[in-house]
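K.L.:
Attaching a single structure in structure tokens format; questions to follow.
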Amino acid sequence: MRTKAQYIADLGKKNSNLYFNGAKIDRLDPMQEGAINVMGLTFEAAFDPEFKDLCTATSHLNGQTINRFNHIHQSTDDLHKKQDMTRLLCNQVGTCIQRCMGIDAANAINAVSFEASKIPDRGTDYYTNWLKWLEYFQANDLVASCAQTDVKGERLKRPSQQTDPDQYLRVVERKSDGIVVRGCKVHISEASISDEILVVPNRALTKDESDYAVCFAIPSDHPEIKQVVSFHNASKRELLPSAKRSGYTDSYIIFDDTFIPWERVFLCGEVNHGGIAALLFALFHRHSYSGCKPACLDFILGLAAGAAHINGIEKTDHVRAMLSELIMTAELGYAAGFTASSLGKPEVYVPGYGPVPYGPGSYIPNSIYANVGRCLTGEAVFHEQEILCNIAGGIPATFPTEKDLLNPELRPFLEKYINRNPNIPVEDQWKFWLMFVDATTSHSAGSGNYGNYHGGGSPIMEQIAITSQYDIKKRREAVYKLAGMSVADPKIKILGV
């Protein structure tokens, strides 16, 4: 396993294909520092005796100890530990821990490539390719991001119906030694600080959309891709320091006739498995949210409780009601994820068939509960901000800069007029409000709210998954039967509904 220092040193050796604000930038550009600090924790935690049980695992390939972020789930216990590791590490930084995209994509492709390799006329041996790449991934303790979201162009049209067919990433040429792809994947978290990018389809596909059914791995610094990076960093504190030094990045990844050798291709043209690949990454990622989102809510709860304490209103009934709402959302999301782990099996839900065995025996979380947890917490994102706004009042919207706070001419007045609790040193209150501003009214907070709402699938996507996979008819017929209705299905048993 690598150390944080080794990870950063390896980043510094990478080819420059990152663009920001009109110019090419280096992997170790100062704008990357916040995200690198967060990702670095995933390396440090693997060596920390306190965190080792959660943050390392035993590779099913060779029995070696590896970082859990590079592990393929072999049991319900692995699913539980992935969820708990995510919550633990997110709590250390007060935000997303960033490395979950790689583990979620890897677990999806592990199952998909196994099933696709059963197809007689496949282009290559997908599962053999995958295992070779996975061994390399684990042995070198690499960071992977996942590129799923396409630009989608004309939103009400399918990939094959687009005026410009490149609005979804596709294969434009098949060669004896590999494939050529074209398109753009967007909002790809931490691609700028990753070692590898795992590419998966964005949606279910029809038989005439085989060019879009493609999974592959590509180095993040590949010279035939370009990354246009967005940065979401906390404000730098020079005079009133904070222990929280976090940030994250997102990239538009442009594939302009990019060559991928066959040994890095894990699916190419098999539309049924392409749809399942899209579904499985989303499912694994929604399960990760059941660790991530409760941890983010732990942070939001701390902000709300701190604002209430400093404002002297923590004992009021309406504030206690709001705090309890935050707690319930966090723990219901965690409980749904825990149940999804407990009910995990090596199977997927196929419409018209129900749960069917899928993959080489690795474990997949229960879809209903993973989607329920993600939907509950995703829908709550902006209401949580409303609660913070309600408790804090207007102070975050117009809070002075730290240089104004410490200006000798202004400081005596600001100490007098920005002091809401005589039992807390004024400078500590200032530090709290500066962090509150970062978490609620900054550019980073705004983009973070959009990410928390849409990441892993917008709530409408979870609602579709829940209603399409839940046996609603069975519940309806049970009620018809209880009511004594003649149209009730006699095969439905009330017991065991």
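Residues in the structure tokens are numbered from 1 in each chain, the chains being A, B, ... in the order shown, and ligands are numbered from 1 in the order shown.
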Please provide as a PyMOL selection string all residues within 7 Å of stretch 428-437 of chain A, with the sequence filter that same-chain residues fewer than 6 positions apart are discarded (counting only C-alpha atoms).

P.N.:
chain A and resi 240+303+396

K.L.:
Using only N, CA and C atoms, please write the residues we just selected to a file, as a compact mmCIF listing (two decimals), in the first residue's frame.

P.N.:
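Below is the file that was written, out10.txt:
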# COMPACT_ATOMS: atom_id res chain seq x y z
N LEU A 240 -6.78 33.52 10.77
CA LEU A 240 -7.59 32.80 11.75
C LEU A 240 -7.66 31.35 11.28
N LEU A 303 -22.76 22.11 12.69
CA LEU A 303 -22.90 23.52 12.34
C LEU A 303 -24.17 24.12 12.95
N PRO A 396 -24.17 34.87 8.25
CA PRO A 396 -23.22 34.32 7.27
C PRO A 396 -23.22 35.06 5.93

K.L.:
Mind dumping a table of every stretch 339-399 of chain A residue within 12 Å of stretch 57-67 of chain A, with the nearest atom pair and its distance in Å to one decimal, using only C-alpha atoms, sorted by chain and rising number, as JSON lines?

P.N.:
{"residue": "A:Pro360", "atom": "CA", "partner": "A:His60", "partner_atom": "CA", "distance": 11.6}
{"residue": "A:Gly361", "atom": "CA", "partner": "A:His60", "partner_atom": "CA", "distance": 11.2}
{"residue": "A:Ser362", "atom": "CA", "partner": "A:His60", "partner_atom": "CA", "distance": 9.8}

K.L.:
Could you write those residues out with C-alpha atoms, as a PDB file, in the first residue's frame?

P.N.:
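Final output, saved to out-v6.pdb:
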ATOM      1  CA  PRO A 360     -18.606 -14.194 -10.068  1.00  0.00           C
ATOM      2  CA  GLY A 361     -20.033 -14.357  -6.539  1.00  0.00           C
ATOM      3  CA  SER A 362     -19.103 -10.864  -5.344  1.00  0.00           C
TER       4      SER A 362
END

K.L.:
Nearest to A:Asp104: which of A:Gly153, A:Phe284, A:Trp262, A:Asp48 is it, counting only C-alpha atoms?

P.N.:
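The shortest atom-to-atom distance to A:Asp104 comes from A:Phe284.
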
K.L.:
Write out as an MDAnalysis selection string all residues of stretch 70-167 of chain A that DSSP puts in alpha helix (DSSP H) for this structure's backbone.

P.N.:
chainID A and resid 76:93 100:116 126:139

K.L.:
Residues near A:Arg374, anyone? I mean within 8 Å using only C-alpha atoms, not counting same-chain ones fewer than 4 positions away, as a PDB file with N, CA and C atoms, in the first residue's frame.

P.N.:
ATOM      1  N   ARG A 286     -24.914   4.666  -4.797  1.00  0.00           N
ATOM      2  CA  ARG A 286     -25.982   5.063  -3.882  1.00  0.00           C
ATOM      3  C   ARG A 286     -25.787   4.397  -2.523  1.00  0.00           C
ATOM      4  N   HIS A 287     -25.253   3.186  -2.536  1.00  0.00           N
ATOM      5  CA  HIS A 287     -24.930   2.537  -1.264  1.00  0.00           C
ATOM      6  C   HIS A 287     -23.824   3.297  -0.534  1.00  0.00           C
ATOM      7  N   TYR A 289     -23.386   6.403  -0.599  1.00  0.00           N
ATOM      8  CA  TYR A 289     -24.016   7.591  -0.025  1.00  0.00           C
ATOM      9  C   TYR A 289     -24.584   7.311   1.366  1.00  0.00           C
ATOM     10  N   SER A 290     -24.910   6.056   1.662  1.00  0.00           N
ATOM     11  CA  SER A 290     -25.455   5.753   2.986  1.00  0.00           C
ATOM     12  C   SER A 290     -24.388   5.831   4.069  1.00  0.00           C
ATOM     13  N   GLY A 333     -31.004   7.384   6.671  1.00  0.00           N
ATOM     14  CA  GLY A 333     -30.164   7.093   5.513  1.00  0.00           C
ATOM     15  C   GLY A 333     -29.137   6.022   5.822  1.00  0.00           C
ATOM     16  N   ALA A 370     -30.788   0.531  -0.850  1.00  0.00           N
ATOM     17  CA  ALA A 370     -29.757   1.496  -1.257  1.00  0.00           C
ATOM     18  C   ALA A 370     -30.400   2.715  -1.898  1.00  0.00           C
ATOM     19  N   GLY A 378     -30.894  12.579  -0.356  1.00  0.00           N
ATOM     20  CA  GLY A 378     -30.743  13.496  -1.478  1.00  0.00           C
ATOM     21  C   GLY A 378     -31.827  14.562  -1.500  1.00  0.00           C
ATOM     22  N   PRO A 459     -32.880  12.404  -7.109  1.00  0.00           N
ATOM     23  CA  PRO A 459     -33.940  11.670  -6.405  1.00  0.00           C
ATOM     24  C   PRO A 459     -34.966  11.019  -7.330  1.00  0.00           C
ATOM     25  N   GLU A 462     -33.844   7.561  -8.194  1.00  0.00           N
ATOM     26  CA  GLU A 462     -34.056   6.572  -7.132  1.00  0.00           C
ATOM     27  C   GLU A 462     -35.530   6.195  -7.030  1.00  0.00           C
TER      28      GLU A 462
END

K.L.:
Between A:Ala278, A:Ile368, A:Leu142, A:Cys100, which has the minimum distance to A:Ala204 (counting only C-alpha atoms)?

P.N.:
A:Ala278

K.L.:
When you count only C-alpha atoms, which of these residues is closest to A:Arg320: A:Ile8, A:Ala305, A:Ile25, A:Ile103?

P.N.:
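Closest to A:Arg320, using only C-alpha atoms: A:Ala305.
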
K.L.:
Can you list, as a VMD selection string, all residues belonging to stretch 63-284 of chain A that DSSP tags as strand (DSSP E)?

P.N.:
chain A and resid 65 to 67 144 to 147 170 to 174 178 to 189 196 to 199 214 to 219 225 to 233 247 to 261 265 to 268

K.L.:
Show me, as a PyMOL selection string, the residues that have an atom within 7 Å of A:Ala35 when counting only C-alpha atoms, minus same-chain residues fewer than 4 positions from it.

P.N.:
chain A and resi 39+246-249

K.L.:
Taking N, CA and C atoms for each residue, export the selection above as a compact mmCIF listing (two decimals), in the first residue's frame.

P.N.:
# COMPACT_ATOMS: atom_id res chain seq x y z
N MET A 39 -8.00 13.27 -0.34
CA MET A 39 -7.66 11.94 -0.86
C MET A 39 -6.50 11.33 -0.07
N SER A 246 -10.09 21.26 3.22
CA SER A 246 -10.65 20.34 2.25
C SER A 246 -10.97 21.04 0.94
N GLY A 247 -11.22 20.24 -0.05
CA GLY A 247 -11.62 20.72 -1.36
C GLY A 247 -11.91 19.51 -2.23
N TYR A 248 -12.50 19.76 -3.37
CA TYR A 248 -12.71 18.67 -4.31
C TYR A 248 -12.74 19.24 -5.72
N THR A 249 -12.65 18.35 -6.70
CA THR A 249 -12.59 18.78 -8.09
C THR A 249 -13.59 17.98 -8.92

K.L.:
Skip A:Lys52 itself and residues of its chain fewer than 5 positions away, then list as a CSV table (one decimal) with N, CA and C atoms, in the first residue's frame all residues within 10 Å of it, counting only C-alpha atoms.

P.N.:
chain,number,residue,atom,x,y,z
A,44,GLU,N,-3.5,7.6,4.5
A,44,GLU,CA,-3.0,7.6,5.9
A,44,GLU,C,-3.9,6.7,6.8
A,45,ALA,N,-5.2,6.6,6.6
A,45,ALA,CA,-6.1,5.8,7.4
A,45,ALA,C,-5.7,4.3,7.3
A,46,ALA,N,-5.2,3.9,6.2
A,46,ALA,CA,-4.9,2.4,6.0
A,46,ALA,C,-3.7,2.0,6.9
A,47,PHE,N,-2.9,3.0,7.3
A,47,PHE,CA,-1.8,2.7,8.2
A,47,PHE,C,-2.1,3.0,9.7
A,57,ALA,N,-8.4,-4.4,3.6
A,57,ALA,CA,-9.1,-5.7,3.3
A,57,ALA,C,-8.1,-6.7,2.8
A,67,ASN,N,-5.8,-1.7,0.4
A,67,ASN,CA,-6.7,-0.6,0.8
A,67,ASN,C,-8.1,-1.0,0.5
A,68,ARG,N,-9.1,-0.9,1.4
A,68,ARG,CA,-10.4,-1.3,1.1
A,68,ARG,C,-11.1,-0.5,0.0
A,85,MET,N,-16.6,2.6,6.8
A,85,MET,CA,-15.4,3.3,6.4
A,85,MET,C,-15.7,4.7,5.8

K.L.:
Write out as an MDAnalysis selection string each polymer residue whose atoms come within 10 Å of A:Glu190, counting only C-alpha atoms; drop sequence neighbours fewer than 5 positions from it.

P.N.:
chainID A and resid 32 35:36 39 98:99 101 143:146 195 197 229:231 248:251

K.L.:
Restricting it to C-alpha atoms, dump the selection as a PDB file, in the first residue's frame.

P.N.:
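The file below, result17.pdb, is the result:
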ATOM      1  CA  GLN A  32      -5.473  20.852  -6.336  1.00  0.00           C
ATOM      2  CA  ALA A  35      -8.672  17.693  -2.907  1.00  0.00           C
ATOM      3  CA  ILE A  36      -5.249  16.066  -2.525  1.00  0.00           C
ATOM      4  CA  MET A  39      -7.659  11.942  -0.857  1.00  0.00           C
ATOM      5  CA  GLN A  98     -13.715  11.220  -2.795  1.00  0.00           C
ATOM      6  CA  ARG A  99     -12.369   7.714  -3.357  1.00  0.00           C
ATOM      7  CA  MET A 101     -16.190   6.311  -7.217  1.00  0.00           C
ATOM      8  CA  VAL A 143      -6.920   5.853  -7.099  1.00  0.00           C
ATOM      9  CA  ALA A 144      -9.684   5.466  -9.673  1.00  0.00           C
ATOM     10  CA  SER A 145     -12.451   7.855 -10.604  1.00  0.00           C
ATOM     11  CA  CYS A 146     -15.564   6.807 -12.506  1.00  0.00           C
ATOM     12  CA  ASP A 195      -4.444   7.512 -11.372  1.00  0.00           C
ATOM     13  CA  ILE A 197     -10.492   6.528 -14.946  1.00  0.00           C
ATOM     14  CA  VAL A 229     -11.375  21.060 -14.250  1.00  0.00           C
ATOM     15  CA  SER A 230     -13.650  22.874 -11.788  1.00  0.00           C
ATOM     16  CA  PHE A 231     -12.347  23.498  -8.266  1.00  0.00           C
ATOM     17  CA  TYR A 248     -12.706  18.671  -4.309  1.00  0.00           C
ATOM     18  CA  THR A 249     -12.592  18.777  -8.092  1.00  0.00           C
ATOM     19  CA  ASP A 250     -14.766  17.831 -11.048  1.00  0.00           C
ATOM     20  CA  SER A 251     -13.760  17.417 -14.669  1.00  0.00           C
TER      21      SER A 251
END

K.L.:
List the neighbours of stretch 160-166 of chain A out to 12 Å using only C-alpha atoms; skip same-chain residues closer than 3 positions along the sequence, and give me the result as a ChimeraX atom specification.

P.N.:
/A:150-157,169-172,181-185,205-213,254-257

K.L.:
Once you have the residues from the selection above, write them out as an mmCIF file, in the first residue's frame, restricted to N, CA and C atoms.

P.N.:
data_model
loop_
_atom_site.group_PDB
_atom_site.id
_atom_site.type_symbol
_atom_site.label_atom_id
_atom_site.label_comp_id
_atom_site.auth_asym_id
_atom_site.auth_seq_id
_atom_site.Cartn_x
_atom_site.Cartn_y
_atom_site.Cartn_z
ATOM 1 N N ASP A 150 -22.811 11.314 -19.185
ATOM 2 C CA ASP A 150 -22.623 11.905 -20.501
ATOM 3 C C ASP A 150 -23.281 13.280 -20.541
ATOM 4 N N VAL A 151 -22.928 14.074 -21.564
ATOM 5 C CA VAL A 151 -23.517 15.402 -21.676
ATOM 6 C C VAL A 151 -24.999 15.337 -22.054
ATOM 7 N N LYS A 152 -25.416 14.277 -22.754
ATOM 8 C CA LYS A 152 -26.819 13.931 -23.047
ATOM 9 C C LYS A 152 -27.482 14.810 -24.094
ATOM 10 N N GLY A 153 -26.878 15.916 -24.484
ATOM 11 C CA GLY A 153 -27.388 16.699 -25.601
ATOM 12 C C GLY A 153 -28.857 17.055 -25.496
ATOM 13 N N GLU A 154 -29.661 16.592 -26.471
ATOM 14 C CA GLU A 154 -31.100 16.821 -26.474
ATOM 15 C C GLU A 154 -31.736 15.851 -25.483
ATOM 16 N N ARG A 155 -32.144 16.361 -24.341
ATOM 17 C CA ARG A 155 -32.402 15.528 -23.172
ATOM 18 C C ARG A 155 -33.522 14.509 -23.354
ATOM 19 N N LEU A 156 -34.474 14.779 -24.221
ATOM 20 C CA LEU A 156 -35.588 13.840 -24.392
ATOM 21 C C LEU A 156 -35.317 12.812 -25.491
ATOM 22 N N LYS A 157 -34.109 12.817 -26.044
ATOM 23 C CA LYS A 157 -33.760 11.856 -27.084
ATOM 24 C C LYS A 157 -32.773 10.819 -26.555
ATOM 25 N N LEU A 169 -20.847 9.135 -24.978
ATOM 26 C CA LEU A 169 -19.580 8.541 -25.388
ATOM 27 C C LEU A 169 -19.831 7.242 -26.131
ATOM 28 N N ARG A 170 -19.115 7.039 -27.261
ATOM 29 C CA ARG A 170 -19.372 5.865 -28.088
ATOM 30 C C ARG A 170 -18.091 5.362 -28.735
ATOM 31 N N VAL A 171 -18.155 4.131 -29.205
ATOM 32 C CA VAL A 171 -17.087 3.536 -29.993
ATOM 33 C C VAL A 171 -17.264 3.976 -31.440
ATOM 34 N N VAL A 172 -16.233 4.589 -32.013
ATOM 35 C CA VAL A 172 -16.326 5.035 -33.408
ATOM 36 C C VAL A 172 -15.523 4.141 -34.354
ATOM 37 N N VAL A 181 -12.676 5.695 -29.187
ATOM 38 C CA VAL A 181 -13.899 6.249 -28.604
ATOM 39 C C VAL A 181 -13.911 7.769 -28.747
ATOM 40 N N ARG A 182 -15.143 8.301 -28.756
ATOM 41 C CA ARG A 182 -15.317 9.743 -28.875
ATOM 42 C C ARG A 182 -16.499 10.162 -28.006
ATOM 43 N N GLY A 183 -16.383 11.306 -27.366
ATOM 44 C CA GLY A 183 -17.459 11.828 -26.532
ATOM 45 C C GLY A 183 -16.909 12.625 -25.375
ATOM 46 N N CYS A 184 -17.787 12.961 -24.432
ATOM 47 C CA CYS A 184 -17.378 13.764 -23.279
ATOM 48 C C CYS A 184 -18.146 13.298 -22.051
ATOM 49 N N LYS A 185 -17.424 12.950 -21.007
ATOM 50 C CA LYS A 185 -18.027 12.615 -19.723
ATOM 51 C C LYS A 185 -17.889 13.837 -18.809
ATOM 52 N N LEU A 205 -29.699 0.665 -22.647
ATOM 53 C CA LEU A 205 -29.493 0.842 -24.083
ATOM 54 C C LEU A 205 -30.328 -0.146 -24.884
ATOM 55 N N THR A 206 -30.646 0.228 -26.118
ATOM 56 C CA THR A 206 -31.396 -0.641 -27.012
ATOM 57 C C THR A 206 -30.440 -1.337 -27.983
ATOM 58 N N LYS A 207 -30.963 -2.299 -28.733
ATOM 59 C CA LYS A 207 -30.101 -3.135 -29.579
ATOM 60 C C LYS A 207 -29.379 -2.353 -30.669
ATOM 61 N N ASP A 208 -29.914 -1.191 -31.065
ATOM 62 C CA ASP A 208 -29.248 -0.372 -32.080
ATOM 63 C C ASP A 208 -28.282 0.647 -31.467
ATOM 64 N N GLU A 209 -28.000 0.501 -30.165
ATOM 65 C CA GLU A 209 -27.095 1.429 -29.475
ATOM 66 C C GLU A 209 -25.860 0.720 -28.938
ATOM 67 N N SER A 210 -25.409 -0.310 -29.649
ATOM 68 C CA SER A 210 -24.281 -1.115 -29.166
ATOM 69 C C SER A 210 -22.987 -0.313 -29.056
ATOM 70 N N ASP A 211 -22.839 0.729 -29.886
ATOM 71 C CA ASP A 211 -21.609 1.529 -29.810
ATOM 72 C C ASP A 211 -21.476 2.254 -28.476
ATOM 73 N N TYR A 212 -22.583 2.414 -27.775
ATOM 74 C CA TYR A 212 -22.574 3.135 -26.498
ATOM 75 C C TYR A 212 -22.383 2.197 -25.300
ATOM 76 N N ALA A 213 -22.421 0.896 -25.547
ATOM 77 C CA ALA A 213 -22.281 -0.099 -24.470
ATOM 78 C C ALA A 213 -20.809 -0.439 -24.299
ATOM 79 N N ILE A 254 -12.770 14.968 -22.077
ATOM 80 C CA ILE A 254 -13.012 14.974 -23.516
ATOM 81 C C ILE A 254 -12.209 13.848 -24.166
ATOM 82 N N PHE A 255 -12.924 12.936 -24.805
ATOM 83 C CA PHE A 255 -12.321 11.839 -25.556
ATOM 84 C C PHE A 255 -12.456 12.194 -27.042
ATOM 85 N N ASP A 256 -11.358 12.521 -27.674
ATOM 86 C CA ASP A 256 -11.384 12.947 -29.070
ATOM 87 C C ASP A 256 -10.680 11.892 -29.913
ATOM 88 N N ASP A 257 -11.428 10.853 -30.320
ATOM 89 C CA ASP A 257 -10.872 9.714 -31.062
ATOM 90 C C ASP A 257 -9.705 9.101 -30.288
#

K.L.:
Determine, for each residue of stretch 42-99 of chain A having at least one atom at most 12 Å from an atom of stretch 341-344 of chain A, the closest pair of atoms and their separation in Å to one decimal, counting only C-alpha atoms; order by chain and ascending number, as a tab-separated table.

P.N.:
residue	atom	partner	partner_atom	distance
A:His73	CA	A:Gly344	CA	10.0
A:Gln74	CA	A:Gly344	CA	10.2
A:Ser75	CA	A:Gly344	CA	7.9
A:Thr76	CA	A:Ser341	CA	5.6
A:Asp77	CA	A:Ser341	CA	7.6
A:Asp78	CA	A:Ser341	CA	8.3
A:Leu79	CA	A:Ser341	CA	5.1
A:His80	CA	A:Ser341	CA	5.5
A:Lys81	CA	A:Ser341	CA	9.1
A:Lys82	CA	A:Ser341	CA	9.3
A:Gln83	CA	A:Ser341	CA	8.2
A:Asp84	CA	A:Ser341	CA	10.7

K.L.:
Save out the residues we just selected, C-alpha atoms, as a PDB file, in the first residue's frame.

P.N.:
ATOM      1  CA  HIS A  73     -16.891  -7.068  -1.866  1.00  0.00           C
ATOM      2  CA  GLN A  74     -16.907 -10.746  -0.977  1.00  0.00           C
ATOM      3  CA  SER A  75     -19.548 -10.731   1.772  1.00  0.00           C
ATOM      4  CA  THR A  76     -22.175  -8.698   3.561  1.00  0.00           C
ATOM      5  CA  ASP A  77     -19.466  -7.827   6.091  1.00  0.00           C
ATOM      6  CA  ASP A  78     -17.464  -6.176   3.312  1.00  0.00           C
ATOM      7  CA  LEU A  79     -20.515  -4.087   2.401  1.00  0.00           C
ATOM      8  CA  HIS A  80     -20.998  -3.071   6.044  1.00  0.00           C
ATOM      9  CA  LYS A  81     -17.337  -2.108   6.380  1.00  0.00           C
ATOM     10  CA  LYS A  82     -17.343  -0.074   3.166  1.00  0.00           C
ATOM     11  CA  GLN A  83     -20.324   1.904   4.470  1.00  0.00           C
ATOM     12  CA  ASP A  84     -18.783   2.434   7.911  1.00  0.00           C
TER      13      ASP A  84
END
